[in-house]
Amino acid sequence: MPPKVEKLSWLDPRTLWAARNGVLASWFGDPTGRTRGRWVAQRAAGGAPADKVIRRDDPDRFSFLVIGDTGEGDASQYSVVPGFLKVGKDTSFAVLASDVIYPVGSADDYGTKFFRPYQDYPAPIYAIPGNHDWYEDLGAFMRVFCDDAPPLTPEPAPRPLSPAWLRSLLWHRPRPDDGQHLDAARRLRQDPAQQGVQPGPYWAIDAGPVRIIGIDTGLLGTVDAEQGAWLREVSQGPRPKILVTGSPLYVDAKYEPCAIEGGGTVDDIVRDPAHHYVAAIGGDIHNYQRYPVDVDGRTIQYVVAGGGGAFMHATHTIPHVSVANVTERDFRCYPLRGDSLAFYSKLYGRRLRLRRFFTLTEAEAAAVIAERLGMPLTRTPGEPARITFRTRIVASLLGAGTRTTKFRLPVRKIYTQLFSPSSATHSPPFFKSFLRLDVSPESIRLRCHAATGNRAQELDPPVEDEVVIPLT
């Protein structure tokens, strides 16, 4: 890590004010689709392929990495790097799925939050933007990943007193001098083997026997009509396909198919048997989840992979899984719900100065989660713990295993947006993760590797989940 790191805090009013564009878009209309179209047109005029397909010469058997929501630039991000480099040393490329840079995607943040941590990764890194990368209209992202794309020309001023006019008055824009350190930062990844130019914020990669398709869901988690038409077109054909998206389609035991402007959803395209999708991997939520969904007799693996560096989103608040015929027996997540509950119990105990009341051991947390979900223990850290009245009260207060509780402390929404980034990311365990996918003509082996910030996991990154996806 750099000798001095600014710890990102969402309690800081300056940070909240800088990250206001998502709220403004929801109030006054989302300009993301129009801006994205202008970026795509600019890249096309500059010679980017019209079909936005990156054609690589990888063999039929190769491997690549997927890592999501990385760019906080602090210990939680850098703790992933040793395992990422070790597991990925022989991979052909990596895909960064959502939120490359926090808090607002500034160009001058790329040095410590992208180029420095991954300077020793020997292969290209492709990326799709997350909502935080859009907080400055994607300018820095396009400069870094899309052949140093120049700034967009200013648009005509909107009609006075219109919603667009009100939005423009408050819209956050990059500083005039932002990016003055970008050229120096690029030198950290200047080897020719590390270079990979993208045709735009969304793209497809033909690698070996598969096509990997990355889509850009912008500020509010939707897809514009132009990108939707491209997605339908590029999804044609018998080649097995993997979707990478900034908005997961199954998450927290809920189905979120991702609307396309003008009609239809992204998942309609993924489920169409003519398109031959085998997996859909999404970032945005900062943990790992996997839902093997049966679609007319074939299984599509829906994966959440946003644990690459930002603060941890709790998993213990995920209710009993029963969605699209996926049950608790089929569902996988990391961290395990018991570990997540133990983590947040210690966090609340420390913050509220009630350690003896709130703090649950890993065994206590695992036991009460199993009771609340009506399932056997998935892992017993030592002897099974006795579930006491206090254990149940703490689990209820922290929202363990349920969507609705009459009274519970903020964990999933308010807490993770405010307190977690300022207090939960600076000391181990971090419960971070990344994916390695090994591709062959017959199958894809997907493995979720953990990174905790502890030495043992740096030396030997453990596999927390593994599944083999047949291609034939």
# chains A, B, ... in the order shown; residues from 1 in each chain; ligands from 1
call {"tool": "residues_around", "arguments": {"residues": "range 144-161 of chain A", "least_positions_apart": "4", "cutoff": "8 Å", "atoms": "only C-alpha atoms", "output": "list of chain:residue names"}}
result
A:Arg38, A:Trp39, A:Arg43, A:Tyr126, A:Ala127, A:Gly139, A:Ala140, A:Trp165, A:Leu166, A:Gly196, A:Val197, A:Gln198, A:Pro199, A:Gly200, A:Pro201
call {"tool": "write_last_selection", "arguments": {"atoms": "N, CA and C atoms", "output": "PDB file, in the first residue's frame"}}
result
ATOM      1  N   ARG A  38     -23.351   8.841 -26.437  1.00  0.00           N
ATOM      2  CA  ARG A  38     -22.362   9.781 -26.974  1.00  0.00           C
ATOM      3  C   ARG A  38     -20.954   9.207 -26.861  1.00  0.00           C
ATOM      4  N   TRP A  39     -20.658   8.537 -25.746  1.00  0.00           N
ATOM      5  CA  TRP A  39     -19.347   7.894 -25.612  1.00  0.00           C
ATOM      6  C   TRP A  39     -19.163   6.810 -26.690  1.00  0.00           C
ATOM      7  N   ARG A  43     -16.355   6.620 -29.716  1.00  0.00           N
ATOM      8  CA  ARG A  43     -15.426   5.510 -29.909  1.00  0.00           C
ATOM      9  C   ARG A  43     -15.564   4.923 -31.308  1.00  0.00           C
ATOM     10  N   TYR A 126      -9.800  -5.900 -18.268  1.00  0.00           N
ATOM     11  CA  TYR A 126     -10.957  -5.241 -18.869  1.00  0.00           C
ATOM     12  C   TYR A 126     -11.930  -4.885 -17.739  1.00  0.00           C
ATOM     13  N   ALA A 127     -12.833  -3.948 -17.992  1.00  0.00           N
ATOM     14  CA  ALA A 127     -13.707  -3.497 -16.914  1.00  0.00           C
ATOM     15  C   ALA A 127     -15.061  -3.062 -17.457  1.00  0.00           C
ATOM     16  N   GLY A 139     -15.912   9.909 -17.468  1.00  0.00           N
ATOM     17  CA  GLY A 139     -14.764  10.447 -18.189  1.00  0.00           C
ATOM     18  C   GLY A 139     -13.464   9.741 -17.867  1.00  0.00           C
ATOM     19  N   ALA A 140     -13.168   9.530 -16.584  1.00  0.00           N
ATOM     20  CA  ALA A 140     -11.915   8.887 -16.206  1.00  0.00           C
ATOM     21  C   ALA A 140     -11.878   7.432 -16.659  1.00  0.00           C
ATOM     22  N   TRP A 165     -32.854  20.934 -16.448  1.00  0.00           N
ATOM     23  CA  TRP A 165     -32.202  22.182 -16.034  1.00  0.00           C
ATOM     24  C   TRP A 165     -31.915  22.170 -14.539  1.00  0.00           C
ATOM     25  N   LEU A 166     -32.893  21.746 -13.738  1.00  0.00           N
ATOM     26  CA  LEU A 166     -32.671  21.645 -12.293  1.00  0.00           C
ATOM     27  C   LEU A 166     -31.545  20.662 -11.978  1.00  0.00           C
ATOM     28  N   GLY A 196      -4.901  -3.734 -22.832  1.00  0.00           N
ATOM     29  CA  GLY A 196      -6.120  -4.235 -23.448  1.00  0.00           C
ATOM     30  C   GLY A 196      -7.097  -3.092 -23.643  1.00  0.00           C
ATOM     31  N   VAL A 197      -7.323  -2.694 -24.886  1.00  0.00           N
ATOM     32  CA  VAL A 197      -8.183  -1.548 -25.177  1.00  0.00           C
ATOM     33  C   VAL A 197      -9.613  -2.029 -25.405  1.00  0.00           C
ATOM     34  N   GLN A 198     -10.568  -1.342 -24.774  1.00  0.00           N
ATOM     35  CA  GLN A 198     -11.982  -1.681 -24.916  1.00  0.00           C
ATOM     36  C   GLN A 198     -12.653  -0.797 -25.960  1.00  0.00           C
ATOM     37  N   PRO A 199     -13.667  -1.323 -26.641  1.00  0.00           N
ATOM     38  CA  PRO A 199     -14.398  -0.490 -27.604  1.00  0.00           C
ATOM     39  C   PRO A 199     -15.378   0.477 -26.960  1.00  0.00           C
ATOM     40  N   GLY A 200     -15.593   0.375 -25.661  1.00  0.00           N
ATOM     41  CA  GLY A 200     -16.514   1.269 -24.975  1.00  0.00           C
ATOM     42  C   GLY A 200     -16.830   0.755 -23.587  1.00  0.00           C
ATOM     43  N   PRO A 201     -17.830   1.330 -22.915  1.00  0.00           N
ATOM     44  CA  PRO A 201     -18.158   0.885 -21.569  1.00  0.00           C
ATOM     45  C   PRO A 201     -18.855  -0.466 -21.532  1.00  0.00           C
TER      46      PRO A 201
END
call {"tool": "residues_around", "arguments": {"residues": "Gly33 in chain A", "least_positions_apart": "3", "cutoff": "12 Å", "atoms": "only C-alpha atoms", "output": "JSON, numbers by chain"}}
result
{"A": [25, 29, 30, 36, 37, 38, 39, 40, 134, 137, 138, 201, 216, 217, 218, 219, 220, 221, 222, 223, 224, 225, 226, 227, 228, 260, 261]}
call {"tool": "write_last_selection", "arguments": {"atoms": "N, CA, C and O atoms", "output": "compact mmCIF listing (two decimals), in the first residue's frame"}}
result
# COMPACT_ATOMS: atom_id res chain seq x y z
N ALA A 25 -30.27 11.81 -10.37
CA ALA A 25 -30.80 11.07 -11.51
C ALA A 25 -32.15 10.45 -11.19
O ALA A 25 -33.05 10.40 -12.05
N GLY A 29 -34.55 12.60 -13.51
CA GLY A 29 -34.34 11.89 -14.76
C GLY A 29 -32.89 11.48 -14.92
O GLY A 29 -31.97 12.23 -14.58
N ASP A 30 -32.69 10.28 -15.45
CA ASP A 30 -31.36 9.70 -15.56
C ASP A 30 -30.77 9.99 -16.95
O ASP A 30 -31.29 9.49 -17.96
N ARG A 36 -23.99 7.73 -22.36
CA ARG A 36 -23.35 6.49 -22.82
C ARG A 36 -23.38 6.41 -24.34
O ARG A 36 -22.37 6.03 -24.97
N GLY A 37 -24.51 6.78 -24.95
CA GLY A 37 -24.60 6.77 -26.40
C GLY A 37 -23.60 7.70 -27.06
O GLY A 37 -23.03 7.39 -28.11
N ARG A 38 -23.35 8.84 -26.44
CA ARG A 38 -22.36 9.78 -26.97
C ARG A 38 -20.95 9.21 -26.86
O ARG A 38 -20.13 9.36 -27.79
N TRP A 39 -20.66 8.54 -25.75
CA TRP A 39 -19.35 7.89 -25.61
C TRP A 39 -19.16 6.81 -26.69
O TRP A 39 -18.10 6.70 -27.31
N VAL A 40 -20.20 6.00 -26.88
CA VAL A 40 -20.11 4.92 -27.86
C VAL A 40 -19.93 5.49 -29.27
O VAL A 40 -19.13 4.98 -30.07
N TRP A 134 -19.78 6.34 -12.71
CA TRP A 134 -20.62 7.26 -13.47
C TRP A 134 -20.83 8.59 -12.77
O TRP A 134 -21.44 9.50 -13.33
N ASP A 137 -19.62 11.20 -14.91
CA ASP A 137 -20.01 11.00 -16.31
C ASP A 137 -19.06 10.10 -17.08
O ASP A 137 -18.93 10.20 -18.30
N LEU A 138 -18.35 9.23 -16.37
CA LEU A 138 -17.53 8.14 -16.94
C LEU A 138 -16.26 8.63 -17.63
O LEU A 138 -15.57 7.85 -18.29
N PRO A 201 -17.83 1.33 -22.92
CA PRO A 201 -18.16 0.89 -21.57
C PRO A 201 -18.86 -0.47 -21.53
O PRO A 201 -18.96 -1.08 -20.47
N ASP A 216 -23.10 -2.36 -19.22
CA ASP A 216 -22.98 -1.18 -18.36
C ASP A 216 -24.38 -0.79 -17.89
O ASP A 216 -25.22 -0.39 -18.69
N THR A 217 -24.65 -0.91 -16.58
CA THR A 217 -25.97 -0.61 -16.04
C THR A 217 -26.06 0.78 -15.42
O THR A 217 -27.03 1.10 -14.75
N GLY A 218 -25.04 1.61 -15.61
CA GLY A 218 -25.12 3.03 -15.31
C GLY A 218 -25.35 3.38 -13.86
O GLY A 218 -24.96 2.67 -12.94
N LEU A 219 -26.02 4.51 -13.66
CA LEU A 219 -26.26 5.03 -12.32
C LEU A 219 -27.34 4.28 -11.56
O LEU A 219 -27.23 4.06 -10.36
N LEU A 220 -28.39 3.87 -12.26
CA LEU A 220 -29.58 3.34 -11.58
C LEU A 220 -29.87 1.88 -11.89
O LEU A 220 -30.95 1.38 -11.60
N GLY A 221 -28.90 1.17 -12.49
CA GLY A 221 -29.07 -0.26 -12.69
C GLY A 221 -29.99 -0.63 -13.83
O GLY A 221 -30.71 -1.64 -13.74
N THR A 222 -29.99 0.13 -14.90
CA THR A 222 -30.80 -0.18 -16.07
C THR A 222 -29.95 -0.11 -17.34
O THR A 222 -28.82 0.38 -17.32
N VAL A 223 -30.53 -0.58 -18.45
CA VAL A 223 -29.82 -0.63 -19.73
C VAL A 223 -30.60 0.20 -20.74
O VAL A 223 -31.83 0.07 -20.86
N ASP A 224 -29.91 1.08 -21.46
CA ASP A 224 -30.58 1.93 -22.45
C ASP A 224 -30.94 1.11 -23.69
O ASP A 224 -30.46 -0.01 -23.89
N ALA A 225 -31.82 1.66 -24.53
CA ALA A 225 -32.35 0.93 -25.67
C ALA A 225 -31.25 0.55 -26.66
O ALA A 225 -31.25 -0.57 -27.22
N GLU A 226 -30.30 1.45 -26.91
CA GLU A 226 -29.22 1.16 -27.86
C GLU A 226 -28.37 -0.01 -27.38
O GLU A 226 -28.06 -0.92 -28.16
N GLN A 227 -28.01 0.01 -26.11
CA GLN A 227 -27.22 -1.10 -25.57
C GLN A 227 -28.05 -2.39 -25.55
O GLN A 227 -27.52 -3.48 -25.80
N GLY A 228 -29.34 -2.28 -25.26
CA GLY A 228 -30.20 -3.45 -25.27
C GLY A 228 -30.25 -4.11 -26.63
O GLY A 228 -30.20 -5.35 -26.74
N ILE A 260 -34.65 -3.13 -19.56
CA ILE A 260 -34.08 -2.51 -20.75
C ILE A 260 -35.05 -1.43 -21.22
O ILE A 260 -36.26 -1.68 -21.34
N GLU A 261 -34.54 -0.25 -21.48
CA GLU A 261 -35.38 0.85 -21.95
C GLU A 261 -36.11 0.44 -23.23
O GLU A 261 -35.52 -0.08 -24.17
call {"tool": "closest_residue", "arguments": {"among": "A:Leu373, A:Ala324, A:Met1, A:Cys448", "to": "Ser79 in chain A", "atoms": "only C-alpha atoms"}}
result
A:Met1
call {"tool": "residues_around", "arguments": {"residues": "Leu471 in chain A", "least_positions_apart": "2", "cutoff": "10 Å", "atoms": "only C-alpha atoms", "output": "list in words"}}
result
Pro209, Val210, Arg239, Pro240, Lys241, His276, Tyr277, Val278, Val439, Ser440, Pro441, Glu442, Ser443, Ile444, Val468 and Ile469 of chain A
call {"tool": "atom_distance", "arguments": {"atom1": "CA of His172 in chain A", "atom2": "CA of Ile128 in chain A"}}
result
21.1 Å
call {"tool": "closest_residue", "arguments": {"among": "A:Pro428, A:Gly46, A:Pro319, A:Pro292", "to": "Phe331 in chain A", "atoms": "only C-alpha atoms"}}
result
A:Pro292
call {"tool": "select_by_dssp", "arguments": {"residues": "range 121-206 of chain A", "states": "helix (DSSP H, G or I)", "output": "PyMOL selection string"}}
result
chain A and resi 131-136+139-145+163-170+182-189+192-194
call {"tool": "closest_residue", "arguments": {"among": "A:Ser433, A:Gln236, A:Asn131, A:Thr452", "to": "Gly306 in chain A", "atoms": "only C-alpha atoms"}}
result
A:Ser433
